[in-house]
file start-v7.txt (compact mmCIF, C-alpha atoms)
# COMPACT_ATOMS: atom_id res chain seq x y z
CA PRO A 1 109.78 110.86 182.04
CA GLU A 2 106.41 112.31 182.78
CA PRO A 3 105.32 115.47 180.98
CA THR A 4 106.21 118.73 182.67
CA ARG A 5 103.47 120.66 184.44
CA GLY A 6 103.54 123.73 186.64
CA LYS A 7 105.91 126.66 186.58
CA THR A 8 109.47 126.51 185.35
CA LEU A 9 112.54 128.27 186.73
CA ILE A 10 115.72 128.72 184.72
CA VAL A 11 118.87 129.28 186.77
CA TYR A 12 122.07 129.96 184.91
CA TYR A 13 125.61 131.30 185.04
CA SER A 14 127.42 132.62 181.99
CA PHE A 15 131.01 133.82 181.83
CA THR A 16 131.49 134.33 178.08
CA ASN A 17 127.76 134.87 177.40
CA ASN A 18 127.39 131.60 175.46
CA VAL A 19 125.02 130.26 178.11
CA HIS A 20 123.23 133.63 178.22
CA THR A 21 122.62 133.40 174.46
CA VAL A 22 121.23 129.88 174.83
CA ILE A 23 118.94 130.94 177.69
CA ASN A 24 117.64 133.89 175.67
CA ASP A 25 116.66 131.46 172.91
CA LEU A 26 115.16 129.02 175.40
CA GLY A 27 113.05 131.91 176.71
CA THR A 28 111.47 132.26 173.27
CA GLN A 29 110.42 128.60 173.37
CA ILE A 30 109.07 128.20 176.91
CA GLU A 31 107.53 130.34 179.61
CA ALA A 32 109.79 130.50 182.67
CA ASP A 33 111.14 132.72 185.40
CA VAL A 34 114.88 133.34 185.03
CA ILE A 35 117.66 133.90 187.55
CA ARG A 36 121.20 134.72 186.47
CA VAL A 37 123.69 133.69 189.13
CA GLU A 38 126.47 136.25 189.59
CA PRO A 39 129.65 136.06 191.65
CA THR A 40 129.76 138.56 194.51
CA GLU A 41 133.23 139.68 193.43
CA LYS A 42 132.74 141.56 190.17
CA GLY A 43 135.13 141.88 187.27
CA ILE A 44 137.04 138.65 187.82
CA ASP A 45 138.88 137.62 184.68
CA TYR A 46 138.67 133.87 184.99
CA ALA A 47 140.65 133.54 181.76
CA ALA A 48 143.69 135.45 183.10
CA ASN A 49 146.92 133.61 183.83
CA ASN A 50 145.77 130.50 181.99
CA TYR A 51 142.48 130.41 183.93
CA ALA A 52 144.27 130.32 187.30
CA ILE A 53 141.34 131.73 189.34
CA GLY A 54 138.67 129.46 187.91
CA SER A 55 140.95 126.45 188.17
CA ALA A 56 141.69 127.24 191.82
CA GLN A 57 137.98 127.60 192.57
CA ILE A 58 137.19 124.22 191.00
CA GLN A 59 140.07 122.62 192.93
CA ALA A 60 138.81 124.08 196.24
CA ILE A 61 135.39 122.55 195.58
CA ARG A 62 136.91 119.19 194.63
CA ASN A 63 139.05 119.21 197.80
CA ASN A 64 136.12 119.79 200.16
CA PRO A 65 132.73 119.64 198.41
CA GLY A 66 130.77 119.43 201.67
CA SER A 67 131.97 122.76 203.06
CA ALA A 68 130.24 126.04 202.19
CA SER A 69 133.61 127.79 202.44
CA SER A 70 134.85 125.82 199.40
CA TYR A 71 132.42 127.62 197.09
CA PRO A 72 132.84 131.14 195.71
CA ALA A 73 130.43 133.76 197.04
CA ILE A 74 127.46 134.64 194.82
CA ASP A 75 125.00 137.51 194.95
CA PRO A 76 121.96 136.69 197.08
CA VAL A 77 118.83 135.48 195.30
CA GLU A 78 115.31 134.98 196.58
CA VAL A 79 113.45 131.97 195.27
CA GLU A 80 110.22 130.36 196.40
CA PHE A 81 110.91 126.86 195.14
CA GLY A 82 107.43 125.67 196.11
CA GLN A 83 105.95 127.41 193.07
CA TYR A 84 108.16 125.54 190.58
CA GLU A 85 107.86 122.01 189.32
CA THR A 86 110.71 122.18 186.80
CA ILE A 87 114.10 123.82 187.20
CA ILE A 88 116.48 124.15 184.28
CA VAL A 89 120.09 124.66 185.34
CA ALA A 90 122.46 126.02 182.70
CA ALA A 91 126.20 126.52 183.09
CA PRO A 92 129.49 126.26 181.29
CA LEU A 93 131.88 123.38 181.83
CA TRP A 94 135.17 124.25 183.55
CA TRP A 95 137.88 121.57 183.86
CA SER A 96 135.36 118.76 183.49
CA ASN A 97 133.12 120.28 186.21
CA MET A 98 130.22 122.69 186.48
CA ALA A 99 131.51 126.29 186.47
CA ALA A 100 132.47 127.27 190.02
CA PRO A 101 130.09 130.29 190.26
CA MET A 102 127.06 128.07 189.52
CA GLN A 103 127.86 125.43 192.13
CA PRO A 104 127.18 127.55 195.26
CA PHE A 105 123.59 128.14 194.13
CA LEU A 106 122.99 124.40 193.97
CA PHE A 107 124.96 123.82 197.19
CA HIS A 108 122.75 126.27 199.11
CA TYR A 109 119.40 125.41 197.48
CA GLY A 110 119.80 121.75 196.52
CA ASP A 111 117.60 120.51 199.36
CA GLU A 112 114.80 122.87 198.28
CA MET A 113 115.05 121.43 194.76
CA ALA A 114 114.25 117.89 195.96
CA ASP A 115 111.57 116.14 193.91
CA LYS A 116 111.65 118.87 191.24
CA HIS A 117 112.15 117.94 187.60
CA ILE A 118 115.67 119.12 186.78
CA GLY A 119 117.03 119.73 183.32
CA LEU A 120 120.67 120.50 182.59
CA ILE A 121 122.06 122.63 179.79
CA VAL A 122 125.84 122.66 179.48
CA SER A 123 128.09 124.74 177.27
CA SER A 124 131.64 123.65 176.56
CA ALA A 125 134.31 124.05 173.92
CA SER A 126 134.80 120.33 173.43
CA SER A 127 134.88 118.24 176.63
CA GLY A 128 132.13 115.81 177.58
CA ILE A 129 129.59 116.90 180.18
CA SER A 130 129.44 113.90 182.52
CA GLY A 131 131.36 115.82 185.22
CA VAL A 132 128.77 118.62 185.18
CA GLU A 133 125.97 116.06 185.44
CA ALA A 134 127.77 114.43 188.38
CA ASP A 135 128.20 117.81 190.11
CA ALA A 136 124.49 118.60 189.71
CA LYS A 137 123.44 115.22 191.09
CA ARG A 138 125.87 115.59 194.02
CA LEU A 139 124.50 119.04 194.85
CA VAL A 140 120.82 118.15 194.28
CA PRO A 141 120.78 114.49 195.34
CA ASP A 142 117.00 114.24 195.50
CA GLY A 143 116.27 116.03 192.23
CA ARG A 144 114.35 114.20 189.51
CA PHE A 145 116.83 114.71 186.68
CA PHE A 146 115.74 114.30 183.10
CA THR A 147 117.70 111.45 181.56
CA THR A 148 118.96 113.64 178.73
CA SER A 149 120.99 116.80 179.27
CA LEU A 150 121.48 119.36 176.54
CA TRP A 151 125.11 119.80 175.53
CA ILE A 152 125.78 122.80 173.31
CA ARG A 153 129.34 123.30 172.18
CA SER A 154 130.41 126.93 172.16
CA SER A 155 130.74 126.78 168.37
CA GLN A 156 127.03 125.82 168.16
CA THR A 157 125.69 128.59 170.40
CA SER A 158 124.40 130.94 167.71
CA GLY A 159 122.57 128.12 165.94
CA SER A 160 121.20 126.32 168.99
CA HIS A 161 117.47 127.03 168.46
CA ASP A 162 116.68 123.65 166.90
CA MET A 163 118.89 121.81 169.41
CA ILE A 164 116.92 123.39 172.25
CA ALA A 165 113.58 122.53 170.61
CA ASP A 166 114.68 118.92 170.08
CA TRP A 167 115.86 118.65 173.70
CA LEU A 168 112.55 120.01 174.99
CA LYS A 169 110.74 117.32 172.97
CA SER A 170 113.11 114.62 174.23
CA ILE A 171 112.35 115.47 177.87
CA HIS A 172 108.62 115.71 177.10
CA TYR A 173 108.49 119.36 178.15
CA SER A 174 105.05 120.79 177.61
call {"tool": "encode", "arguments": {"input": "start-v7.txt", "output": "structure tokens"}}
result
Amino acid sequence: PEPTRGKTLIVYYSFTNNVHTVINDLGTQIEADVIRVEPTEKGIDYAANNYAIGSAQIQAIRNNPGSASSYPAIDPVEVEFGQYETIIVAAPLWWSNMAAPMQPFLFHYGDEMADKHIGLIVSSASSGISGVEADAKRLVPDGRFFTTSLWIRSSQTSGSHDMIADWLKSIHYS
């Protein structure tokens, strides 16, 4: 991959604050604008009833990924994508997919992210991240994804500084 130039945007969603912790550390290592994606409906306990709400949201997206109505509502954000060359997307893994509240951002703005360098950071307890990578590429089909995504297991969150630094080197971020 070619070295990164221009401004960077970090877009992330965090339910348990693991991703938030990682993004705070990333912010000490690079200069970037940051957007935290938030569901419109506040106070949802995705973990309640054996994660019934989050599971249902992921299933709705899987059933009809091309329909805006399949995605949960998120708070509005204003982004001028033209000023960014690199976009780092960070989200937890839910049921082998990108967390449902992160997907509507990419669904709505994926076309504007075409030809941008895209980096993925994924947090999960144990599962592999290929489903999150597939979701991102489905939602941003014309993004220029870095070949390596950063996978940080939830147990590694507090000690992720070196992992982030190594990932930035591996994608030739400068």
call {"tool": "residues_around", "arguments": {"input": "start-v7.txt", "residues": "segment 32-42 of chain A", "least_positions_apart": "4", "cutoff": "7 Å", "atoms": "only C-alpha atoms", "output": "list in words"}}
result
Lys7, Thr8, Leu9, Ile10, Val11, Tyr12, Tyr13, Gly27, Ala73, Ile74, Asp75, Pro101 and Met102 of chain A
call {"tool": "atom_distance", "arguments": {"input": "start-v7.txt", "atom1": "atom CA of Gly159 of chain A", "atom2": "atom CA of Thr86 of chain A"}}
result
24.7 Å
call {"tool": "atom_distance", "arguments": {"input": "start-v7.txt", "atom1": "atom CA of Arg138 of chain A", "atom2": "atom CA of Ser123 of chain A"}}
result
19.2 Å
call {"tool": "residues_around", "arguments": {"input": "start-v7.txt", "residues": "segment 54-66 of chain A", "least_positions_apart": "2", "cutoff": "12 Å", "atoms": "only C-alpha atoms", "output": "tab-separated table (two decimals) with C-alpha atoms, in the frame of the given file"}}
result
chain	number	residue	atom	x	y	z
A	15	PHE	CA	131.01	133.82	181.83
A	39	PRO	CA	129.65	136.06	191.65
A	44	ILE	CA	137.04	138.65	187.82
A	45	ASP	CA	138.88	137.62	184.68
A	46	TYR	CA	138.67	133.87	184.99
A	47	ALA	CA	140.65	133.54	181.76
A	48	ALA	CA	143.69	135.45	183.10
A	49	ASN	CA	146.92	133.61	183.83
A	50	ASN	CA	145.77	130.50	181.99
A	51	TYR	CA	142.48	130.41	183.93
A	52	ALA	CA	144.27	130.32	187.30
A	68	ALA	CA	130.24	126.04	202.19
A	69	SER	CA	133.61	127.79	202.44
A	70	SER	CA	134.85	125.82	199.40
A	71	TYR	CA	132.42	127.62	197.09
A	72	PRO	CA	132.84	131.14	195.71
A	73	ALA	CA	130.43	133.76	197.04
A	92	PRO	CA	129.49	126.26	181.29
A	93	LEU	CA	131.88	123.38	181.83
A	94	TRP	CA	135.17	124.25	183.55
A	95	TRP	CA	137.88	121.57	183.86
A	96	SER	CA	135.36	118.76	183.49
A	97	ASN	CA	133.12	120.28	186.21
A	98	MET	CA	130.22	122.69	186.48
A	99	ALA	CA	131.51	126.29	186.47
A	100	ALA	CA	132.47	127.27	190.02
A	101	PRO	CA	130.09	130.29	190.26
A	102	MET	CA	127.06	128.07	189.52
A	103	GLN	CA	127.86	125.43	192.13
A	104	PRO	CA	127.18	127.55	195.26
A	106	LEU	CA	122.99	124.40	193.97
A	107	PHE	CA	124.96	123.82	197.19
A	108	HIS	CA	122.75	126.27	199.11
A	131	GLY	CA	131.36	115.82	185.22
A	132	VAL	CA	128.77	118.62	185.18
A	135	ASP	CA	128.20	117.81	190.11
A	138	ARG	CA	125.87	115.59	194.02
A	139	LEU	CA	124.50	119.04	194.85
call {"tool": "residues_near_point", "arguments": {"input": "start-v7.txt", "point": "(117.7, 132.3, 203.0)", "cutoff": "10 Å", "atoms": "only C-alpha atoms", "output": "compact mmCIF listing (two decimals) with C-alpha atoms, in the frame of the given file"}}
result
# COMPACT_ATOMS: atom_id res chain seq x y z
CA PRO A 76 121.96 136.69 197.08
CA VAL A 77 118.83 135.48 195.30
CA GLU A 78 115.31 134.98 196.58
CA VAL A 79 113.45 131.97 195.27
CA HIS A 108 122.75 126.27 199.11
CA TYR A 109 119.40 125.41 197.48
call {"tool": "closest_residue", "arguments": {"input": "start-v7.txt", "among": "A:Leu150, A:Ile87, A:Ala165, A:Ile129", "to": "Gly6 of chain A", "atoms": "only C-alpha atoms"}}
result
A:Ile87
call {"tool": "atom_distance", "arguments": {"input": "start-v7.txt", "atom1": "atom CA of Leu168 of chain A", "atom2": "atom CA of Asp142 of chain A"}}
result
21.8 Å
call {"tool": "closest_residue", "arguments": {"input": "start-v7.txt", "among": "A:Ile118, A:Ser130, A:Asp166, A:Ser160", "to": "Arg144 of chain A", "atoms": "only C-alpha atoms"}}
result
A:Ile118
call {"tool": "closest_residue", "arguments": {"input": "start-v7.txt", "among": "A:Ala134, A:Ile121, A:Ile164, A:Met113", "to": "Ala90 of chain A", "atoms": "only C-alpha atoms"}}
result
A:Ile121
call {"tool": "closest_residue", "arguments": {"input": "start-v7.txt", "among": "A:Thr28, A:Ala91, A:Met163, A:Gln156", "to": "Ala136 of chain A", "atoms": "all atoms listed in the file"}}
result
A:Ala91
call {"tool": "closest_residue", "arguments": {"input": "start-v7.txt", "among": "A:Val22, A:Ala125, A:Ala114, A:Val89", "to": "Ser149 of chain A", "atoms": "only C-alpha atoms"}}
result
A:Val89
call {"tool": "axis_aligned_box", "arguments": {"input": "start-v7.txt", "around": "segment 19-29 of chain A", "padding_each_side": "3 Å", "output": "JSON"}}
result
{"center_x": 117.7, "center_y": 131.2, "center_z": 175.6, "size_x": 20.6, "size_y": 11.3, "size_z": 11.3}
call {"tool": "closest_residue", "arguments": {"input": "start-v7.txt", "among": "A:Gln29, A:Ser14, A:Val19, A:Glu112", "to": "Ile152 of chain A", "atoms": "only C-alpha atoms"}}
result
A:Val19
